[in-house]
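Right, one structure below, let's go through it.
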Amino acid sequence: MKWNATNVSAACLAVGLGGFVAGKLTGGSAGSSEADELLERAQQVSSERISSNRDGGSSRRDTASRTPRMGSDRSTATIDERLAKMEEIVRGENALDRSRAMLSWIDSLAPSEFEAAVAKFRGLGITEARMGEYAMLLTAWAEVDPMAALAYTTENTRGGMATNTVLSAWASRDPESAIAWAESSHEGEEANPYMVGIIRSLAATNPTRATELLQGLPFGSERGAALQTMIPHLMKGGAEAAKSWIAGLSDPRLRDGATARFAEEMAKSDPAGTASWLLANLGEASTRSVDEVFEEWAKTDKNAALASFANLPEGGARSRALRGLVTVEARQNPQAAAALMNRHPADVDDSMVMHFVWNAFDKAPDVAAGQIGLIKANDMRNRMYSRSLGAWLDREPAAAQRWIDSANLPEPVVRSLAKRRQP
């Protein structure tokens, strides 16, 4: 399962709970009015907490005096009884009902009770369906006592999701304190993993500061993750603003990585313009995005994309452009895609052939299988033959066997297929 910042960070009350809940609702039966009600409630809770913290001074002082809000179901219930209520909530089937009830339940917590609540929640099992409620709980804790929340997450969790969620919430209202904690809590020359959550939060509220922090990170997965969180916020200003931001980056490697990632996003709305910009700013990382851009372009104007490819000089960008064109064509007309590859053999690489086979196999398994021989790496070619032909035998045994009998297959593939026929 792919759990990354896109899936979970938007669940935080103060840094975008609405986006997460809206996404969860798309698969359910809840109406738009219910979604609007929940989003309004989420914004209200976040606004009340932030306002309370600002009026009362530091979050540490607030934690000592925080009491449950009016209407919260605390009354005479013990902490064990309320934790049992939380378990009942998170085991519910309806995502909207769970989120609404969880927001109300969180209001019942005193600052000193969050650790027990988080520990109980984690004990129930952190499933994909519960990530939203988990992020709500962490965010609410971060708003009343971020230091305690961070002490818990750094000691008891792995992978960074929990700690970054807390830091995102803290940075949304007190960024410099969150930054100071992150800097003092990290040792070594490697990228500071704590900065990812902070940059994620500041990308929406203070992109200039977020950019400063991003450029301070050394090359690595953390910088890539932080860059990815900035894309949707920077794209709100339009493609030209995003290009200007990229041009202003001082680190050439970061600039190249940003060009690659933004090109894939911008190609969705302006593939021709994006291709022109990308080809004028090629580096190692951005070259790897050429196929994505040409794939988008071919969907809307195949002839223009083909003409652009034809004018490209020999090299990685040209091969990548052809891969994008072949991938689109393979889904619609495998025969035409195979012919396109055969007209430009110097630009065909093993990865392109594999992309072709994956995209053409369902529609025309014989055409797909016929191109596998173009793969130059022996092991890769034989594995592709065995897997593709095995799947074809399962689906259409007679047709697949006729093709196999007529083909001059490598001996390891013949042996592999023979084993499949053994009882």
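Starting from 1 in every chain, residues are counted up; chains themselves are A, B, ... following the order of the structure tokens, and ligands are numbered from 1 as listed.
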Using DSSP secondary structure from the backbone, list all helix (DSSP H, G or I) positions within segment 281-365 of chain A, as an MDAnalysis selection string. chainID A and resid 284:287 290:300 302:310 316:332 334:343 345:347 350:360 365
Could you pull the residues within 10 Å of segment 399-402 of chain A, counting only C-alpha atoms, minus those fewer than 5 positions along the same chain, as number ranges by chain? A: 365-366, 369, 388-394, 407
Mind writing the picked residues with N, CA and C atoms as a JSON list (two decimals), in the first residue's frame?
[["chain", "number", "residue", "atom", "x", "y", "z"],
["A", 365, "PRO", "N", -2.25, -9.72, -27.35],
["A", 365, "PRO", "CA", -1.13, -10.46, -26.75],
["A", 365, "PRO", "C", -0.12, -10.96, -27.76],
["A", 366, "ASP", "N", -0.57, -11.28, -28.97],
["A", 366, "ASP", "CA", 0.37, -11.77, -29.98],
["A", 366, "ASP", "C", 1.33, -10.66, -30.42],
["A", 369, "ALA", "N", 3.76, -9.99, -27.48],
["A", 369, "ALA", "CA", 4.77, -11.04, -27.37],
["A", 369, "ALA", "C", 5.80, -10.94, -28.50],
["A", 388, "SER", "N", 4.54, -13.22, -19.58],
["A", 388, "SER", "CA", 3.51, -12.83, -20.54],
["A", 388, "SER", "C", 2.88, -14.06, -21.19],
["A", 389, "LEU", "N", 3.70, -14.99, -21.64],
["A", 389, "LEU", "CA", 3.17, -16.17, -22.30],
["A", 389, "LEU", "C", 2.43, -17.06, -21.32],
["A", 390, "GLY", "N", 2.90, -17.10, -20.08],
["A", 390, "GLY", "CA", 2.17, -17.86, -19.06],
["A", 390, "GLY", "C", 0.79, -17.30, -18.81],
["A", 391, "ALA", "N", 0.70, -15.97, -18.75],
["A", 391, "ALA", "CA", -0.60, -15.33, -18.56],
["A", 391, "ALA", "C", -1.50, -15.56, -19.77],
["A", 392, "TRP", "N", -0.91, -15.53, -20.96],
["A", 392, "TRP", "CA", -1.70, -15.77, -22.18],
["A", 392, "TRP", "C", -2.21, -17.21, -22.22],
["A", 393, "LEU", "N", -1.38, -18.16, -21.80],
["A", 393, "LEU", "CA", -1.81, -19.56, -21.76],
["A", 393, "LEU", "C", -2.98, -19.75, -20.80],
["A", 394, "ASP", "N", -2.95, -19.03, -19.70],
["A", 394, "ASP", "CA", -4.06, -19.13, -18.74],
["A", 394, "ASP", "C", -5.35, -18.56, -19.33],
["A", 407, "ALA", "N", 7.03, -19.68, -32.67],
["A", 407, "ALA", "CA", 8.08, -18.73, -32.31],
["A", 407, "ALA", "C", 9.40, -19.46, -32.02]]
Could you name the residues that touch Thr163 of chain A at 12 Å or less, counting only C-alpha atoms, but leaving out those on the same chain fewer than 6 positions away, as a PyMOL selection string? chain A and resi 9+134-135+138-139+141-142+146-157+169-170+178+181-182+185+193-198
Contacts of Val348 of chain A within 8 Å, only C-alpha atoms, excl. fewer than 6 positions in-chain, as a ChimeraX atom specification: /A:319,322-323,341
List as a VMD selection string the protein and nucleic acid residues near Ala346 of chain A, meaning an atom at most 12 Å away when only C-alpha atoms are counted, but skip any in the same chain fewer than 6 places from it. chain A and resid 313 to 316 318 to 319 322 340 352 374
Please produce an output containing N, CA and C atoms for each residue in the selection, written as a short mmCIF file (atom, residue, chain, number, x, y, z; two decimals), in the first residue's frame.
data_model
loop_
_atom_site.label_atom_id
_atom_site.label_comp_id
_atom_site.auth_asym_id
_atom_site.auth_seq_id
_atom_site.Cartn_x
_atom_site.Cartn_y
_atom_site.Cartn_z
N PRO A 313 17.25 15.66 -31.13
CA PRO A 313 18.53 14.99 -31.42
C PRO A 313 18.60 13.63 -30.73
N GLU A 314 19.47 12.79 -31.21
CA GLU A 314 19.64 11.47 -30.61
C GLU A 314 20.07 11.60 -29.16
N GLY A 315 19.54 10.75 -28.33
CA GLY A 315 19.91 10.79 -26.92
C GLY A 315 18.77 10.40 -26.01
N GLY A 316 18.97 10.62 -24.71
CA GLY A 316 18.00 10.17 -23.71
C GLY A 316 16.64 10.82 -23.85
N ARG A 318 15.18 12.00 -26.55
CA ARG A 318 14.48 11.47 -27.72
C ARG A 318 13.91 10.08 -27.43
N SER A 319 14.69 9.25 -26.79
CA SER A 319 14.22 7.91 -26.45
C SER A 319 13.04 7.97 -25.48
N LEU A 322 9.88 9.01 -27.32
CA LEU A 322 9.30 7.90 -28.07
C LEU A 322 8.58 6.94 -27.13
N LEU A 340 5.66 1.85 -34.90
CA LEU A 340 6.38 3.07 -34.52
C LEU A 340 7.73 2.72 -33.92
N MET A 352 11.42 0.74 -22.77
CA MET A 352 10.34 1.06 -23.70
C MET A 352 9.59 -0.20 -24.13
N LEU A 374 12.94 -7.81 -28.62
CA LEU A 374 13.76 -6.60 -28.72
C LEU A 374 14.50 -6.27 -27.43
#
Which one is closest to Val413 of chain A: A:Glu133, A:Asp379, A:Glu183, A:Asp80? Count only C-alpha atoms. A:Asp379
Could you name the residues that touch Ser269 of chain A at 9 Å or less, counting only C-alpha atoms, but leaving out those on the same chain fewer than 4 positions away, as a PyMOL selection string? chain A and resi 265+274+296
Polymer residues at most 10 Å from Leu306 of chain A, only C-alpha atoms, same-chain spacing of 4 or more positions, as a PDB file with N, CA and C atoms, in the first residue's frame:
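Contents of result39.pdb, as written:
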ATOM      1  N   PHE A 294       5.366  13.727 -22.952  1.00  0.00           N
ATOM      2  CA  PHE A 294       4.962  13.358 -24.311  1.00  0.00           C
ATOM      3  C   PHE A 294       3.757  12.425 -24.305  1.00  0.00           C
ATOM      4  N   TRP A 297       0.905  14.737 -24.003  1.00  0.00           N
ATOM      5  CA  TRP A 297       0.756  15.479 -25.252  1.00  0.00           C
ATOM      6  C   TRP A 297       0.085  14.619 -26.323  1.00  0.00           C
ATOM      7  N   ALA A 298       0.503  13.367 -26.413  1.00  0.00           N
ATOM      8  CA  ALA A 298      -0.038  12.474 -27.431  1.00  0.00           C
ATOM      9  C   ALA A 298      -1.524  12.207 -27.227  1.00  0.00           C
ATOM     10  N   ASP A 301      -2.860  15.700 -28.846  1.00  0.00           N
ATOM     11  CA  ASP A 301      -2.417  16.096 -30.188  1.00  0.00           C
ATOM     12  C   ASP A 301      -1.259  15.186 -30.590  1.00  0.00           C
ATOM     13  N   LYS A 302      -1.595  13.982 -31.032  1.00  0.00           N
ATOM     14  CA  LYS A 302      -0.575  12.985 -31.341  1.00  0.00           C
ATOM     15  C   LYS A 302       0.347  13.452 -32.459  1.00  0.00           C
ATOM     16  N   ALA A 310      10.310  13.872 -33.737  1.00  0.00           N
ATOM     17  CA  ALA A 310      11.122  13.692 -34.936  1.00  0.00           C
ATOM     18  C   ALA A 310      12.250  14.709 -35.025  1.00  0.00           C
ATOM     19  N   ASN A 311      12.076  15.870 -34.418  1.00  0.00           N
ATOM     20  CA  ASN A 311      13.083  16.928 -34.482  1.00  0.00           C
ATOM     21  C   ASN A 311      14.082  16.886 -33.335  1.00  0.00           C
ATOM     22  N   ALA A 321      10.930  10.454 -25.180  1.00  0.00           N
ATOM     23  CA  ALA A 321       9.762  10.971 -25.902  1.00  0.00           C
ATOM     24  C   ALA A 321       9.081   9.850 -26.679  1.00  0.00           C
ATOM     25  N   LEU A 322       9.879   9.013 -27.324  1.00  0.00           N
ATOM     26  CA  LEU A 322       9.301   7.900 -28.066  1.00  0.00           C
ATOM     27  C   LEU A 322       8.579   6.943 -27.130  1.00  0.00           C
ATOM     28  N   LEU A 325       5.138   8.257 -26.496  1.00  0.00           N
ATOM     29  CA  LEU A 325       4.282   8.091 -27.666  1.00  0.00           C
ATOM     30  C   LEU A 325       3.855   6.633 -27.838  1.00  0.00           C
TER      31      LEU A 325
END
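The interatomic distance for the pair atom CA of Asp291 of chain A and atom CA of Glu264 of chain A works out to 9.3 Å.
Of note, atom CA of Ala368 of chain A and atom CA of Arg415 of chain A are spaced 20.8 Å apart.
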Find the residue from A:Thr78, A:Val326, A:Glu128, A:Val357 that sits nearest to His344 of chain A; use only C-alpha atoms when measuring. A:Val326
Between A:Thr287, A:Gln215, A:Thr327, A:Gln228, smallest distance to Leu249 of chain A by only C-alpha atoms belongs to A:Gln215
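Atom pair atom CA of Glu81 of chain A / atom CA of Glu115 of chain A has a distance of 15.6 Å (rounded to one decimal).
Nearest residue to Phe309 of chain A, choosing from A:Ser250, A:Asp347, A:Ala398, A:Glu329 and counting only C-alpha atoms: A:Asp347.
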